file protein15.txt (compact mmCIF, C-alpha atoms)
# COMPACT_ATOMS: atom_id res chain seq x y z
CA MET S 1 -104.89 -55.87 -53.60
CA ALA S 2 -105.60 -59.40 -54.85
CA SER S 3 -109.15 -59.32 -53.48
CA ALA S 4 -109.82 -55.81 -54.78
CA LEU S 5 -108.60 -56.70 -58.28
CA ASP S 6 -110.53 -59.96 -58.26
CA ALA S 7 -113.73 -58.10 -57.39
CA GLY S 8 -113.03 -55.25 -59.80
CA THR S 9 -112.50 -57.51 -62.80
CA ARG S 10 -115.76 -59.34 -62.05
CA GLY S 11 -117.87 -56.22 -61.64
CA ALA S 12 -118.46 -57.29 -58.04
CA ARG S 13 -118.77 -55.32 -54.81
CA TRP S 14 -115.67 -55.15 -52.60
CA HIS S 15 -116.21 -54.78 -48.86
CA VAL S 16 -113.96 -53.60 -46.05
CA ARG S 17 -114.39 -55.11 -42.60
CA ILE S 18 -112.46 -54.14 -39.46
CA ASP S 19 -111.87 -57.24 -37.35
CA ASP S 20 -111.81 -55.44 -34.02
CA ILE S 21 -113.74 -57.87 -31.88
CA ASP S 22 -110.81 -58.16 -29.46
CA ARG S 23 -111.04 -54.59 -28.16
CA GLY S 24 -108.42 -55.13 -25.48
CA ARG S 25 -105.69 -55.71 -28.08
CA GLU S 26 -106.65 -52.88 -30.42
CA ALA S 27 -104.19 -50.00 -30.57
CA PRO S 28 -105.91 -46.58 -30.31
CA GLY S 29 -106.52 -45.14 -33.76
CA ALA S 30 -105.57 -48.36 -35.58
CA ALA S 31 -108.87 -48.72 -37.47
CA ALA S 32 -108.80 -45.13 -38.71
CA ALA S 33 -105.18 -45.55 -39.78
CA ILE S 34 -106.05 -48.66 -41.81
CA LEU S 35 -108.80 -46.85 -43.70
CA LYS S 36 -106.59 -43.82 -44.29
CA THR S 37 -103.86 -46.05 -45.73
CA LEU S 38 -106.30 -47.83 -48.03
CA GLU S 39 -107.52 -44.49 -49.33
CA ARG S 40 -103.98 -43.26 -49.88
CA PHE S 41 -103.26 -46.32 -52.03
CA GLY S 42 -106.37 -45.77 -54.14
CA PHE S 43 -108.61 -48.51 -52.77
CA GLU S 44 -112.33 -47.85 -53.16
CA TRP S 45 -114.80 -50.00 -51.26
CA ASP S 46 -118.53 -50.51 -51.56
CA GLY S 47 -120.97 -49.69 -48.82
CA PRO S 48 -120.17 -48.72 -45.24
CA VAL S 49 -117.23 -50.22 -43.37
CA GLN S 50 -118.32 -53.09 -41.10
CA TYR S 51 -116.93 -53.16 -37.54
CA GLN S 52 -117.06 -56.46 -35.68
CA HIS S 53 -117.30 -54.90 -32.22
CA ARG S 54 -120.75 -53.58 -33.12
CA ARG S 55 -122.09 -57.08 -33.87
CA THR S 56 -121.67 -58.88 -30.54
CA GLY S 57 -125.41 -59.45 -30.21
CA ARG S 58 -125.56 -61.18 -33.58
CA TYR S 59 -122.67 -63.46 -32.66
CA ARG S 60 -124.17 -64.29 -29.28
CA GLU S 61 -127.54 -65.18 -30.82
CA ALA S 62 -125.89 -67.63 -33.22
CA ALA S 63 -123.77 -69.16 -30.46
CA GLU S 64 -126.85 -69.70 -28.29
CA ARG S 65 -128.67 -71.28 -31.22
CA LEU S 66 -125.82 -73.76 -31.69
CA ARG S 67 -125.84 -74.56 -27.98
CA ALA S 68 -129.62 -75.05 -27.92
CA SER S 69 -129.47 -77.45 -30.87
CA GLY S 70 -126.74 -79.54 -29.27
CA ALA S 71 -124.22 -78.56 -31.93
CA ALA S 72 -122.16 -76.76 -29.28
CA PHE S 73 -121.43 -77.44 -25.61
CA ASP S 74 -120.13 -75.57 -22.57
CA CYS S 75 -116.52 -76.25 -21.69
CA ALA S 76 -114.69 -75.69 -18.40
CA CYS S 77 -111.20 -76.44 -19.76
CA SER S 78 -108.41 -73.92 -19.94
CA ARG S 79 -105.67 -73.97 -22.57
CA ARG S 80 -103.40 -75.55 -20.00
CA ASP S 81 -105.94 -78.33 -19.41
CA VAL S 82 -106.16 -79.06 -23.13
CA ALA S 83 -102.38 -78.98 -23.54
CA ALA S 84 -101.98 -81.46 -20.70
CA ALA S 85 -104.56 -83.98 -21.92
CA GLY S 86 -104.79 -83.43 -25.70
CA VAL S 87 -102.89 -85.24 -28.42
CA PRO S 88 -100.94 -83.27 -31.06
CA GLY S 89 -103.08 -81.90 -33.91
CA LEU S 90 -102.73 -79.72 -36.96
CA GLU S 91 -102.70 -76.47 -34.97
CA GLY S 92 -101.77 -77.62 -31.48
CA PRO S 93 -103.24 -80.03 -28.93
CA ILE S 94 -106.62 -81.52 -29.87
CA TYR S 95 -109.35 -81.04 -27.30
CA PRO S 96 -109.74 -84.41 -25.47
CA GLY S 97 -113.53 -84.21 -25.08
CA THR S 98 -113.51 -83.61 -21.33
CA CYS S 99 -116.81 -81.67 -21.22
CA ARG S 100 -118.54 -83.15 -24.28
CA GLU S 101 -121.09 -85.01 -22.15
CA GLY S 102 -121.43 -82.32 -19.49
CA LEU S 103 -119.32 -80.21 -17.18
CA PRO S 104 -117.27 -82.13 -14.59
CA ALA S 105 -118.52 -81.81 -11.03
CA GLY S 106 -117.57 -78.52 -9.42
CA ARG S 107 -116.42 -76.93 -12.69
CA ARG S 108 -118.05 -73.93 -14.38
CA ALA S 109 -118.22 -73.11 -18.06
CA ARG S 110 -115.42 -70.98 -19.48
CA SER S 111 -116.06 -71.24 -23.21
CA LEU S 112 -118.40 -72.73 -25.80
CA ARG S 113 -117.09 -75.38 -28.18
CA LEU S 114 -118.50 -76.74 -31.41
CA ARG S 115 -119.32 -80.45 -31.27
CA VAL S 116 -117.39 -81.40 -34.41
CA PRO S 117 -118.76 -84.45 -36.23
CA PRO S 118 -116.34 -86.98 -37.76
CA GLY S 119 -115.73 -87.06 -41.50
CA ALA S 120 -114.06 -84.95 -44.15
CA VAL S 121 -115.16 -81.42 -45.02
CA GLY S 122 -114.05 -80.60 -48.55
CA PHE S 123 -114.19 -77.74 -51.00
CA ARG S 124 -112.52 -76.65 -54.20
CA ASP S 125 -110.30 -73.62 -53.87
CA GLU S 126 -110.15 -71.83 -57.21
CA TRP S 127 -106.40 -71.27 -57.05
CA ARG S 128 -105.25 -74.13 -54.80
CA GLY S 129 -107.37 -77.02 -56.00
CA ARG S 130 -109.28 -79.57 -53.96
CA VAL S 131 -108.91 -79.27 -50.18
CA SER S 132 -110.25 -81.78 -47.70
CA GLN S 133 -109.93 -81.93 -43.94
CA ASP S 134 -111.33 -84.20 -41.25
CA VAL S 135 -111.87 -81.39 -38.78
CA ALA S 136 -112.61 -83.75 -35.88
CA ALA S 137 -109.33 -85.64 -36.37
CA ALA S 138 -107.10 -82.67 -37.27
CA ILE S 139 -108.52 -79.90 -35.05
CA GLY S 140 -111.13 -81.36 -32.70
CA ASP S 141 -113.98 -79.55 -30.96
CA PHE S 142 -112.97 -75.91 -31.39
CA VAL S 143 -113.98 -72.82 -29.41
CA ILE S 144 -116.70 -70.58 -30.88
CA TRP S 145 -117.20 -68.39 -27.79
CA ARG S 146 -114.12 -67.49 -25.82
CA ALA S 147 -113.50 -67.47 -22.10
CA ASP S 148 -113.12 -63.68 -22.15
CA GLY S 149 -116.70 -63.28 -23.34
CA VAL S 150 -116.32 -62.59 -27.07
CA ALA S 151 -117.01 -64.58 -30.21
CA ALA S 152 -114.15 -66.58 -31.66
CA TYR S 153 -112.79 -65.67 -35.08
CA HIS S 154 -114.44 -68.44 -37.08
CA LEU S 155 -117.96 -67.78 -35.78
CA ALA S 156 -117.68 -64.02 -36.31
CA THR S 157 -116.26 -64.44 -39.81
CA VAL S 158 -118.96 -66.74 -41.19
CA LEU S 159 -121.72 -64.52 -39.80
CA ASP S 160 -120.10 -61.36 -41.17
CA ASP S 161 -119.72 -62.91 -44.62
CA ALA S 162 -123.30 -64.17 -44.63
CA ASP S 163 -124.82 -60.89 -43.46
CA LEU S 164 -122.84 -58.90 -46.03
CA GLY S 165 -124.03 -61.26 -48.76
CA VAL S 166 -120.46 -62.29 -49.59
CA THR S 167 -120.38 -64.82 -52.43
CA ARG S 168 -116.60 -64.94 -52.91
CA VAL S 169 -113.78 -64.84 -50.37
CA VAL S 170 -110.27 -63.94 -51.59
CA ARG S 171 -107.64 -64.09 -48.86
CA GLY S 172 -104.17 -65.32 -47.88
CA ALA S 173 -103.11 -68.96 -47.94
CA ASP S 174 -102.58 -68.94 -44.16
CA LEU S 175 -106.36 -69.30 -43.82
CA LEU S 176 -106.66 -72.23 -46.22
CA GLY S 177 -106.68 -74.73 -43.35
CA SER S 178 -109.31 -72.68 -41.49
CA THR S 179 -111.84 -72.86 -44.30
CA PRO S 180 -113.23 -76.36 -43.47
CA ARG S 181 -114.11 -75.15 -39.97
CA GLN S 182 -115.91 -72.17 -41.42
CA ILE S 183 -117.78 -74.35 -43.91
CA LEU S 184 -118.83 -76.62 -41.06
CA LEU S 185 -120.25 -73.62 -39.18
CA GLN S 186 -122.03 -72.43 -42.32
CA ARG S 187 -123.74 -75.80 -42.67
CA LEU S 188 -124.80 -75.94 -39.03
CA LEU S 189 -126.18 -72.38 -39.15
CA GLY S 190 -127.92 -72.84 -42.50
CA LEU S 191 -125.76 -70.23 -44.24
CA SER S 192 -124.71 -70.17 -47.88
CA GLN S 193 -121.15 -71.24 -48.69
CA PRO S 194 -119.16 -68.67 -50.67
CA ALA S 195 -116.51 -69.55 -53.23
CA TYR S 196 -112.93 -69.43 -51.97
CA ALA S 197 -109.61 -68.41 -53.51
CA HIS S 198 -106.39 -68.22 -51.46
CA HIS S 199 -103.38 -66.29 -52.71
CA PRO S 200 -99.69 -66.58 -51.70
CA LEU S 201 -98.35 -64.86 -48.60
CA VAL S 202 -95.47 -62.50 -48.06
CA THR S 203 -93.26 -64.29 -45.52
CA ARG S 204 -90.03 -63.78 -43.66
CA ARG S 205 -88.08 -66.81 -42.43
CA GLY S 206 -91.09 -68.94 -43.33
CA LYS S 207 -93.57 -66.93 -41.24
CA LYS S 208 -96.26 -64.50 -42.37
CA ILE S 209 -95.18 -60.93 -41.78
CA GLY S 210 -97.27 -58.97 -39.30
CA LYS S 211 -97.37 -57.58 -35.78
CA ARG S 212 -96.20 -60.86 -34.25
CA THR S 213 -93.05 -60.85 -36.38
CA ARG S 214 -92.45 -57.14 -35.72
CA ALA S 215 -92.73 -56.34 -39.42
CA PRO S 216 -92.10 -52.71 -40.35
CA GLY S 217 -95.00 -50.47 -41.33
CA LEU S 218 -96.00 -49.98 -44.95
CA ASP S 219 -94.11 -47.29 -46.85
CA THR S 220 -96.81 -44.94 -48.14
CA GLU S 221 -94.59 -42.35 -49.83
CA PRO S 222 -95.15 -42.48 -52.73
CA PRO S 223 -97.84 -45.18 -53.08
CA ALA S 224 -97.36 -46.21 -56.74
CA PRO S 225 -94.03 -48.11 -56.34
CA THR S 226 -95.43 -50.11 -53.42
CA LEU S 227 -98.51 -51.08 -55.43
CA VAL S 228 -96.31 -52.17 -58.33
CA ALA S 229 -94.18 -54.24 -55.95
CA ALA S 230 -97.37 -55.91 -54.72
CA LEU S 231 -98.36 -56.68 -58.30
CA ARG S 232 -94.98 -58.30 -58.93
CA PHE S 233 -95.31 -60.39 -55.78
CA LEU S 234 -98.73 -61.49 -57.03
CA GLN S 235 -96.93 -62.82 -60.15
CA GLN S 236 -98.31 -60.15 -62.45
CA SER S 237 -96.02 -58.49 -65.02
CA PRO S 238 -96.27 -54.70 -64.72
CA PRO S 239 -94.07 -52.69 -67.13
CA ALA S 240 -90.86 -51.25 -65.72
CA ASP S 241 -92.09 -47.66 -65.95
CA LEU S 242 -95.40 -48.24 -64.15
CA ALA S 243 -93.90 -47.40 -60.74
CA ALA S 244 -93.33 -43.84 -61.99
CA ALA S 245 -96.94 -43.47 -63.16
CA GLY S 246 -99.82 -41.92 -61.28
CA LEU S 247 -102.01 -43.90 -58.90
CA ARG S 248 -104.94 -44.03 -61.32
CA ASP S 249 -102.68 -45.37 -64.07
CA VAL S 250 -101.40 -48.16 -61.81
CA TRP S 251 -104.93 -49.30 -60.95
CA ARG S 252 -106.05 -48.98 -64.57
CA TRP S 253 -103.22 -51.23 -65.71
CA ALA S 254 -103.76 -53.69 -62.85
CA LEU S 255 -107.48 -54.11 -63.58
CA ALA S 256 -106.89 -54.50 -67.32
CA ASN S 257 -104.14 -57.10 -66.88
CA TRP S 258 -105.14 -59.09 -63.79
CA ARG S 259 -104.22 -62.77 -64.29
CA PRO S 260 -105.10 -64.83 -61.20
CA ALA S 261 -104.57 -68.10 -63.08
CA VAL S 262 -100.87 -67.90 -62.16
CA PHE S 263 -101.78 -68.97 -58.61
CA ALA S 264 -103.32 -72.27 -59.71
CA ALA S 265 -101.60 -75.34 -58.32
CA PRO S 266 -100.15 -77.79 -60.90
CA PRO S 267 -102.25 -80.87 -61.69
CA HIS S 268 -102.42 -83.42 -58.86
CA SER S 269 -100.62 -81.11 -56.42
CA ALA S 270 -103.61 -79.56 -54.70
CA PRO S 271 -103.11 -79.38 -50.93
CA VAL S 272 -104.97 -81.94 -48.87
CA HIS S 273 -105.20 -81.50 -45.09
CA ASP S 274 -106.16 -84.66 -43.25
call {"tool": "encode", "arguments": {"input": "protein15.txt", "output": "structure tokens"}}
result
Amino acid sequence: MASALDAGTRGARWHVRIDDIDRGREAPGAAAAILKTLERFGFEWDGPVQYQHRRTGRYREAAERLRASGAAFDCACSRRDVAAAGVPGLEGPIYPGTCREGLPAGRRARSLRLRVPPGAVGFRDEWRGRVSQDVAAAIGDFVIWRADGVAAYHLATVLDDADLGVTRVVRGADLLGSTPRQILLQRLLGLSQPAYAHHPLVTRRGKKIGKRTRAPGLDTEPPAPTLVAALRFLQQSPPADLAAAGLRDVWRWALANWRPAVFAAPPHSAPVHD
């Protein structure tokens, strides 16, 4: 809702993308159910829906280009190997560089990793302030092509955004720390960098709700009260009687009264990830 309102109040296009690149984990009918739910809640998107599983060739071409330029390298290490030899990092063990100068004798490539250069990658998040991260020190050489033969999330995302002509990304704060990696890939691939704005997350016991936390499904009957609850979570101030209004009235009020400035971090408190 935050991204749709942000686009709507700017007169911008709002796109829907189904991140279904991991076909083995996709529940049958999940994509259709997502679109049906969006429609039921009054969301209207621009252009056709983009499906990641149809874009494997595009991802592979970009991965091969990074390998050919030396920006990426083949890696024979499993997660267990990295856990055994890596030092703690921001999101788990940091890759120790085992295959950076070539595959060890007798080992075959499992994945493709980005050769991350040292130094900070920074950007200004519109709602969170200045963010800076030394990706090499905090994350290390990260996987861009997985051992199971599909593109990793960060590579697919930057290519999808670029090919859709996305100029502004509005998403949850859980991806704030991922943005420097995506900016690094954009630079290496010669892609434009969009603007970023990260909104607060709904959490339970400090963790983002979702499939992994066995969160219950969205209550779609009726849709208006749920939309109003979302507005309140997003620190908007809908009137008490809006939940009893029609769907069109809820969206009309939300677009006329959208105030994203409430997400802005106080002065000097912008998150810095080093």
call {"tool": "closest_residue", "arguments": {"input": "protein15.txt", "among": "S:Pro225, S:Pro104, S:Pro88, S:Pro117", "to": "S:Val135", "atoms": "all atoms listed in the file"}}
result
S:Pro117
call {"tool": "closest_atom_pairs", "arguments": {"input": "protein15.txt", "of": "stretch 22-76 of chain S", "to": "stretch 92-102 of chain S", "cutoff": "10 Å", "atoms": "only C-alpha atoms", "output": "CSV"}}
result
residue,atom,partner,partner_atom,distance
S:Ala72,CA,S:Arg100,CA,8.9
S:Phe73,CA,S:Arg100,CA,6.5
S:Asp74,CA,S:Cys99,CA,7.1
S:Cys75,CA,S:Cys99,CA,5.4
S:Ala76,CA,S:Cys99,CA,6.9
call {"tool": "closest_residue", "arguments": {"input": "protein15.txt", "among": "S:Arg113, S:Arg108, S:Arg10, S:Arg65", "to": "S:Gly190", "atoms": "all atoms listed in the file"}}
result
S:Arg65
call {"tool": "atom_distance", "arguments": {"input": "protein15.txt", "atom1": "atom CA of S:His15", "atom2": "atom CA of S:Trp45"}}
result
5.5 Å
call {"tool": "closest_residue", "arguments": {"input": "protein15.txt", "among": "S:Leu155, S:Ala84, S:Leu191, S:Ile144", "to": "S:Thr167", "atoms": "all atoms listed in the file"}}
result
S:Leu191
call {"tool": "closest_residue", "arguments": {"input": "protein15.txt", "among": "S:Ala215, S:Val121, S:Ile21, S:Leu164", "to": "S:Ile183", "atoms": "all atoms listed in the file"}}
result
S:Val121
call {"tool": "closest_residue", "arguments": {"input": "protein15.txt", "among": "S:Gly246, S:Pro222, S:Val150, S:Ala162", "to": "S:Arg187", "atoms": "all atoms listed in the file"}}
result
S:Ala162
call {"tool": "decode", "arguments": {"input": "protein15.txt", "residues": "stretch 175-249 of chain S", "atoms": "C-alpha atoms", "output": "PDB file, in the first residue's frame"}}
result
ATOM      1  CA  LEU S 175      15.795  -4.706   2.581  1.00  0.00           C
ATOM      2  CA  LEU S 176      17.597  -1.542   3.648  1.00  0.00           C
ATOM      3  CA  GLY S 177      20.836  -3.446   4.255  1.00  0.00           C
ATOM      4  CA  SER S 178      20.527  -5.187   0.864  1.00  0.00           C
ATOM      5  CA  THR S 179      20.459  -1.950  -1.106  1.00  0.00           C
ATOM      6  CA  PRO S 180      24.268  -1.356  -1.168  1.00  0.00           C
ATOM      7  CA  ARG S 181      24.739  -4.767  -2.809  1.00  0.00           C
ATOM      8  CA  GLN S 182      22.157  -3.902  -5.422  1.00  0.00           C
ATOM      9  CA  ILE S 183      23.755  -0.515  -6.068  1.00  0.00           C
ATOM     10  CA  LEU S 184      27.111  -2.241  -6.505  1.00  0.00           C
ATOM     11  CA  LEU S 185      25.596  -4.555  -9.124  1.00  0.00           C
ATOM     12  CA  GLN S 186      23.968  -1.599 -10.879  1.00  0.00           C
ATOM     13  CA  ARG S 187      27.342   0.118 -11.159  1.00  0.00           C
ATOM     14  CA  LEU S 188      29.106  -2.968 -12.476  1.00  0.00           C
ATOM     15  CA  LEU S 189      26.369  -3.609 -15.054  1.00  0.00           C
ATOM     16  CA  GLY S 190      26.105   0.032 -16.137  1.00  0.00           C
ATOM     17  CA  LEU S 191      22.507   0.372 -14.925  1.00  0.00           C
ATOM     18  CA  SER S 192      20.811   3.490 -13.592  1.00  0.00           C
ATOM     19  CA  GLN S 193      20.351   3.745  -9.824  1.00  0.00           C
ATOM     20  CA  PRO S 194      16.763   4.363  -8.732  1.00  0.00           C
ATOM     21  CA  ALA S 195      15.788   6.400  -5.687  1.00  0.00           C
ATOM     22  CA  TYR S 196      15.016   4.378  -2.561  1.00  0.00           C
ATOM     23  CA  ALA S 197      12.528   4.738   0.282  1.00  0.00           C
ATOM     24  CA  HIS S 198      12.103   2.053   2.964  1.00  0.00           C
ATOM     25  CA  HIS S 199       9.008   1.949   5.156  1.00  0.00           C
ATOM     26  CA  PRO S 200       8.480   0.263   8.569  1.00  0.00           C
ATOM     27  CA  LEU S 201       7.662  -3.429   8.836  1.00  0.00           C
ATOM     28  CA  VAL S 202       4.893  -5.296  10.556  1.00  0.00           C
ATOM     29  CA  THR S 203       6.690  -7.609  12.986  1.00  0.00           C
ATOM     30  CA  ARG S 204       5.904 -10.227  15.583  1.00  0.00           C
ATOM     31  CA  ARG S 205       8.404 -10.895  18.371  1.00  0.00           C
ATOM     32  CA  GLY S 206      10.889  -8.747  16.477  1.00  0.00           C
ATOM     33  CA  LYS S 207      10.647 -10.724  13.228  1.00  0.00           C
ATOM     34  CA  LYS S 208       8.946  -9.781   9.961  1.00  0.00           C
ATOM     35  CA  ILE S 209       5.685 -11.651   9.570  1.00  0.00           C
ATOM     36  CA  GLY S 210       5.499 -14.056   6.654  1.00  0.00           C
ATOM     37  CA  LYS S 211       5.579 -17.709   5.670  1.00  0.00           C
ATOM     38  CA  ARG S 212       8.651 -18.415   7.801  1.00  0.00           C
ATOM     39  CA  THR S 213       6.896 -17.165  10.935  1.00  0.00           C
ATOM     40  CA  ARG S 214       3.681 -19.021  10.031  1.00  0.00           C
ATOM     41  CA  ALA S 215       1.739 -15.765   9.874  1.00  0.00           C
ATOM     42  CA  PRO S 216      -1.994 -16.139   9.211  1.00  0.00           C
ATOM     43  CA  GLY S 217      -3.403 -15.239   5.813  1.00  0.00           C
ATOM     44  CA  LEU S 218      -4.829 -11.804   5.090  1.00  0.00           C
ATOM     45  CA  ASP S 219      -8.468 -11.276   6.038  1.00  0.00           C
ATOM     46  CA  THR S 220     -10.165 -10.166   2.816  1.00  0.00           C
ATOM     47  CA  GLU S 221     -13.739  -9.882   4.085  1.00  0.00           C
ATOM     48  CA  PRO S 222     -14.496  -7.026   3.919  1.00  0.00           C
ATOM     49  CA  PRO S 223     -11.404  -5.284   2.481  1.00  0.00           C
ATOM     50  CA  ALA S 224     -11.968  -1.694   3.695  1.00  0.00           C
ATOM     51  CA  PRO S 225     -11.195  -2.252   7.429  1.00  0.00           C
ATOM     52  CA  THR S 226      -7.949  -4.041   6.564  1.00  0.00           C
ATOM     53  CA  LEU S 227      -6.860  -1.189   4.299  1.00  0.00           C
ATOM     54  CA  VAL S 228      -7.631   1.323   7.046  1.00  0.00           C
ATOM     55  CA  ALA S 229      -5.624  -0.749   9.523  1.00  0.00           C
ATOM     56  CA  ALA S 230      -2.718  -0.662   7.069  1.00  0.00           C
ATOM     57  CA  LEU S 231      -3.018   3.116   6.829  1.00  0.00           C
ATOM     58  CA  ARG S 232      -2.872   3.415  10.608  1.00  0.00           C
ATOM     59  CA  PHE S 233       0.198   1.197  10.746  1.00  0.00           C
ATOM     60  CA  LEU S 234       1.784   3.461   8.134  1.00  0.00           C
ATOM     61  CA  GLN S 235       1.266   6.337  10.619  1.00  0.00           C
ATOM     62  CA  GLN S 236      -1.480   7.979   8.600  1.00  0.00           C
ATOM     63  CA  SER S 237      -4.581   9.349  10.367  1.00  0.00           C
ATOM     64  CA  PRO S 238      -7.726   7.992   8.696  1.00  0.00           C
ATOM     65  CA  PRO S 239     -11.044   9.126  10.237  1.00  0.00           C
ATOM     66  CA  ALA S 240     -12.806   6.658  12.512  1.00  0.00           C
ATOM     67  CA  ASP S 241     -15.665   6.072  10.075  1.00  0.00           C
ATOM     68  CA  LEU S 242     -13.474   5.338   7.040  1.00  0.00           C
ATOM     69  CA  ALA S 243     -13.450   1.583   7.752  1.00  0.00           C
ATOM     70  CA  ALA S 244     -17.208   1.547   7.092  1.00  0.00           C
ATOM     71  CA  ALA S 245     -16.826   3.341   3.750  1.00  0.00           C
ATOM     72  CA  GLY S 246     -16.607   1.788   0.315  1.00  0.00           C
ATOM     73  CA  LEU S 247     -13.335   0.672  -1.222  1.00  0.00           C
ATOM     74  CA  ARG S 248     -13.172   3.621  -3.615  1.00  0.00           C
ATOM     75  CA  ASP S 249     -13.693   6.056  -0.746  1.00  0.00           C
TER      76      ASP S 249
END
